[in-house]
Structure formats: C-alpha cells, structure tokens
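S.K.: This is the structure, below, for whatever I ask next.
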Amino acid sequence: MRLKRSWIAIAAVCGLLACGGGADGDESPGGSSAEVAEAPAAETAPTGAQGFDPALAADGEALLQAKGCTACHRVGGGRLVGPDLAGVTQRRSPEFIVAMIVNPDSMLANDATAKQLLGEYYTPMQNQSVTRQDAEALLEFFKRNDVGGQ
C-alpha cells in the first residue's frame with residue numbers, strides 16, 4: 001500500500017512538472033479541433049522501425065525534452081512513471097503511438113491497449129498539447145532509436 005501511495009505521489013509531481021509546453025507558440029491545450037476529435041481505437045500491431053527521416057528524428061529528440069516527456073518516460077534504462085520508450089516501434093503501431101501522444105485522454109477512454117497500460121502503470125498519460133506534426137517527429141525519433149541510428 002505504501003508503494004502504491006509513493007507511485008501516486010510521484011505521478012502527481014510528474015504531472016505538475018510535465019504539463020507545460022504551451023508557451024513556445026504551440027496551440028492551446030487540446031490542440032486543433034482535428035486533434036481533439038475522438039481518437040479511433042488504434043491497432044497495436046508493431047510495424048518495426050524500417051527507416052526514418054533523420055532531420056525529423058532530430059526534431060523529435062528535441063521535442064522529447066521540450067515537452068517534458070522525460071519526466072515520466074525513459075528511452076532505454078527501464079520504466080519510470082510510464083513505460084520505457086526504447087523499442088516502442090516494435091511493440092506498437094505508428095498509428096497507436098501518434099494517437100497516444102496527440103490525444104491520450106480519448107485513447108485511455110476508448111482503446112483497450114491504452115487501458116491495459118493504465119492498469120499496469122497506474123498513471124494516465126498527460127495531454128501535452130502535442131500537434132500531430134510534432135507527434136510524427138517524436139515517432140521518427142523512436143524509429144531512429146529503435147534501429148540504433150544516431
């Protein structure tokens with residue numbers, strides 16, 4: 001019970017630290033109306049990390065820090081508050097990854113895999129107001145990381 005309380009406290013602090021991200025010209029919370037629309041249940045079949053756009057991957061790496069993703073996620077090194085993102089493109093489809101980044105609230109309400117992750121990690125992913133374009137840059141970073149690219 002004490003361990004669960006500790007995780008809840010850590011999650012609350014991470015949520016407070018990581019919930020920023022709108023000051024650099026990003027859209028208002030929730031993103032554009034197209035991004036706020038309910039996310040479809042995304043298939044979770046991985047497609048691997050065949051190829052990536054190096055420039056977009058570099059943008060994604062910068063976004064990972066700027067949006068505060070590292071407050072809850074590691075990319076290699078094991079789980080933190082949320083899952084380790086190393087190998088994510090081998091575990092999940094690109095559609096799932098992008099939908100979870102852009103509209104985690106809808107995914108947590110409607111997607112079985114997202115609900116399973118919530119049950120495992122006890123902490124809902126925070127909506128960071130990430131645009132679809134930025135989510136695709138993050139996906140390219142994950143692809144690059146998963147194939148060992150630099």
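Lettering and numbering for the structure tokens are positional, with chains as A, B, ... in the shown order, residues counted from 1 in each chain, and ligands counted from 1 in the shown order.
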Using only C-alpha atoms, determine which residues lie at most 12 Å from range 135-147 of chain A, disregarding the query and same-chain residues fewer than 5 positions distant; provide the list as a count of residues only.

M.R.: 53

S.K.: One decimal, in Å: what's the spacing between CA of Leu80 in chain A and CA of Gln133 in chain A?

M.R.: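 Distance between the two atoms: 25.8 Å.
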
S.K.: Which residues, written as a list in words, have at least one atom at most 10 Å from Glu120 in chain A, with only C-alpha atoms counted and residues fewer than 5 positions away on the same chain left out?

M.R.: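 Final neighbour list, sorted by chain and number: Gly82, Pro83, Ala114 and Lys115 of chain A.
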
S.K.: Please produce a file of those selected residues containing N, CA, C and O atoms, as a short mmCIF file (atom, residue, chain, number, x, y, z; two decimals), in the first residue's frame.

M.R.:
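Below is the file out_2.cif, written as the result:
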data_model
loop_
_atom_site.label_atom_id
_atom_site.label_comp_id
_atom_site.auth_asym_id
_atom_site.auth_seq_id
_atom_site.Cartn_x
_atom_site.Cartn_y
_atom_site.Cartn_z
N GLY A 82 6.04 6.05 -16.46
CA GLY A 82 5.42 5.42 -17.62
C GLY A 82 6.38 4.42 -18.23
O GLY A 82 7.51 4.25 -17.76
N PRO A 83 5.95 3.77 -19.30
CA PRO A 83 6.80 2.74 -19.92
C PRO A 83 8.08 3.31 -20.54
O PRO A 83 8.12 4.47 -20.94
N ALA A 114 -4.40 0.99 -24.41
CA ALA A 114 -4.15 2.16 -23.56
C ALA A 114 -4.69 1.90 -22.15
O ALA A 114 -4.05 2.24 -21.16
N LYS A 115 -5.86 1.28 -22.07
CA LYS A 115 -6.44 0.95 -20.76
C LYS A 115 -5.57 -0.07 -20.02
O LYS A 115 -5.38 0.03 -18.81
#

S.K.: Any idea what's packed within 12 Å of Leu118 in chain A, counting only C-alpha atoms, ignoring anything in its chain fewer than 3 positions away? Could you give it as a list in words?

M.R.: Val81, Gly82, Pro83, Met100, Pro104, Asp105, Met107, Leu108, Ala109, Asp111, Ala112, Thr113, Ala114, Lys115, Tyr121, Tyr122, Thr123, Pro124, Met125 and Gln126 of chain A

S.K.: Using the selection just defined, write its residues with N, CA and C atoms as a PDB file, in the first residue's frame.

M.R.:
ATOM      1  N   VAL A  81       7.820   6.444 -14.451  1.00  0.00           N
ATOM      2  CA  VAL A  81       6.402   6.521 -14.108  1.00  0.00           C
ATOM      3  C   VAL A  81       5.590   5.852 -15.220  1.00  0.00           C
ATOM      4  N   GLY A  82       6.045   6.051 -16.460  1.00  0.00           N
ATOM      5  CA  GLY A  82       5.420   5.417 -17.622  1.00  0.00           C
ATOM      6  C   GLY A  82       6.381   4.419 -18.227  1.00  0.00           C
ATOM      7  N   PRO A  83       5.954   3.769 -19.298  1.00  0.00           N
ATOM      8  CA  PRO A  83       6.802   2.745 -19.919  1.00  0.00           C
ATOM      9  C   PRO A  83       8.077   3.309 -20.535  1.00  0.00           C
ATOM     10  N   MET A 100      -1.720   8.078 -29.222  1.00  0.00           N
ATOM     11  CA  MET A 100      -1.496   8.158 -27.777  1.00  0.00           C
ATOM     12  C   MET A 100      -0.808   9.464 -27.396  1.00  0.00           C
ATOM     13  N   PRO A 104      -4.150  11.469 -25.653  1.00  0.00           N
ATOM     14  CA  PRO A 104      -4.136  10.381 -24.678  1.00  0.00           C
ATOM     15  C   PRO A 104      -5.457  10.219 -23.928  1.00  0.00           C
ATOM     16  N   ASP A 105      -6.191  11.299 -23.710  1.00  0.00           N
ATOM     17  CA  ASP A 105      -7.453  11.205 -22.978  1.00  0.00           C
ATOM     18  C   ASP A 105      -8.437  10.287 -23.701  1.00  0.00           C
ATOM     19  N   MET A 107      -7.702   8.079 -26.044  1.00  0.00           N
ATOM     20  CA  MET A 107      -7.153   6.724 -26.123  1.00  0.00           C
ATOM     21  C   MET A 107      -7.394   5.976 -24.818  1.00  0.00           C
ATOM     22  N   LEU A 108      -7.192   6.642 -23.688  1.00  0.00           N
ATOM     23  CA  LEU A 108      -7.409   5.984 -22.397  1.00  0.00           C
ATOM     24  C   LEU A 108      -8.870   5.624 -22.179  1.00  0.00           C
ATOM     25  N   ALA A 109      -9.769   6.386 -22.775  1.00  0.00           N
ATOM     26  CA  ALA A 109     -11.196   6.109 -22.640  1.00  0.00           C
ATOM     27  C   ALA A 109     -11.676   5.035 -23.600  1.00  0.00           C
ATOM     28  N   ASP A 111      -9.416   2.882 -26.018  1.00  0.00           N
ATOM     29  CA  ASP A 111      -8.517   1.882 -26.579  1.00  0.00           C
ATOM     30  C   ASP A 111      -8.127   0.842 -25.526  1.00  0.00           C
ATOM     31  N   ALA A 112      -8.302  -0.417 -25.859  1.00  0.00           N
ATOM     32  CA  ALA A 112      -8.032  -1.499 -24.906  1.00  0.00           C
ATOM     33  C   ALA A 112      -6.571  -1.541 -24.472  1.00  0.00           C
ATOM     34  N   THR A 113      -5.647  -1.327 -25.395  1.00  0.00           N
ATOM     35  CA  THR A 113      -4.228  -1.359 -25.043  1.00  0.00           C
ATOM     36  C   THR A 113      -3.872  -0.198 -24.134  1.00  0.00           C
ATOM     37  N   ALA A 114      -4.402   0.991 -24.415  1.00  0.00           N
ATOM     38  CA  ALA A 114      -4.148   2.155 -23.558  1.00  0.00           C
ATOM     39  C   ALA A 114      -4.691   1.902 -22.151  1.00  0.00           C
ATOM     40  N   LYS A 115      -5.864   1.283 -22.072  1.00  0.00           N
ATOM     41  CA  LYS A 115      -6.445   0.951 -20.758  1.00  0.00           C
ATOM     42  C   LYS A 115      -5.571  -0.066 -20.022  1.00  0.00           C
ATOM     43  N   TYR A 121       0.582   0.788 -15.149  1.00  0.00           N
ATOM     44  CA  TYR A 121       1.404   1.886 -14.650  1.00  0.00           C
ATOM     45  C   TYR A 121       0.684   2.805 -13.669  1.00  0.00           C
ATOM     46  N   TYR A 122      -0.623   2.680 -13.529  1.00  0.00           N
ATOM     47  CA  TYR A 122      -1.440   3.430 -12.562  1.00  0.00           C
ATOM     48  C   TYR A 122      -1.467   4.947 -12.767  1.00  0.00           C
ATOM     49  N   THR A 123      -0.894   5.421 -13.854  1.00  0.00           N
ATOM     50  CA  THR A 123      -0.812   6.858 -14.092  1.00  0.00           C
ATOM     51  C   THR A 123      -1.252   7.153 -15.512  1.00  0.00           C
ATOM     52  N   PRO A 124      -2.276   7.973 -15.683  1.00  0.00           N
ATOM     53  CA  PRO A 124      -2.686   8.301 -17.055  1.00  0.00           C
ATOM     54  C   PRO A 124      -1.663   9.213 -17.715  1.00  0.00           C
ATOM     55  N   MET A 125      -1.453   9.007 -19.008  1.00  0.00           N
ATOM     56  CA  MET A 125      -0.564   9.891 -19.747  1.00  0.00           C
ATOM     57  C   MET A 125      -1.205  11.269 -19.816  1.00  0.00           C
ATOM     58  N   GLN A 126      -0.413  12.290 -19.533  1.00  0.00           N
ATOM     59  CA  GLN A 126      -0.896  13.657 -19.549  1.00  0.00           C
ATOM     60  C   GLN A 126      -0.980  14.186 -20.973  1.00  0.00           C
TER      61      GLN A 126
END
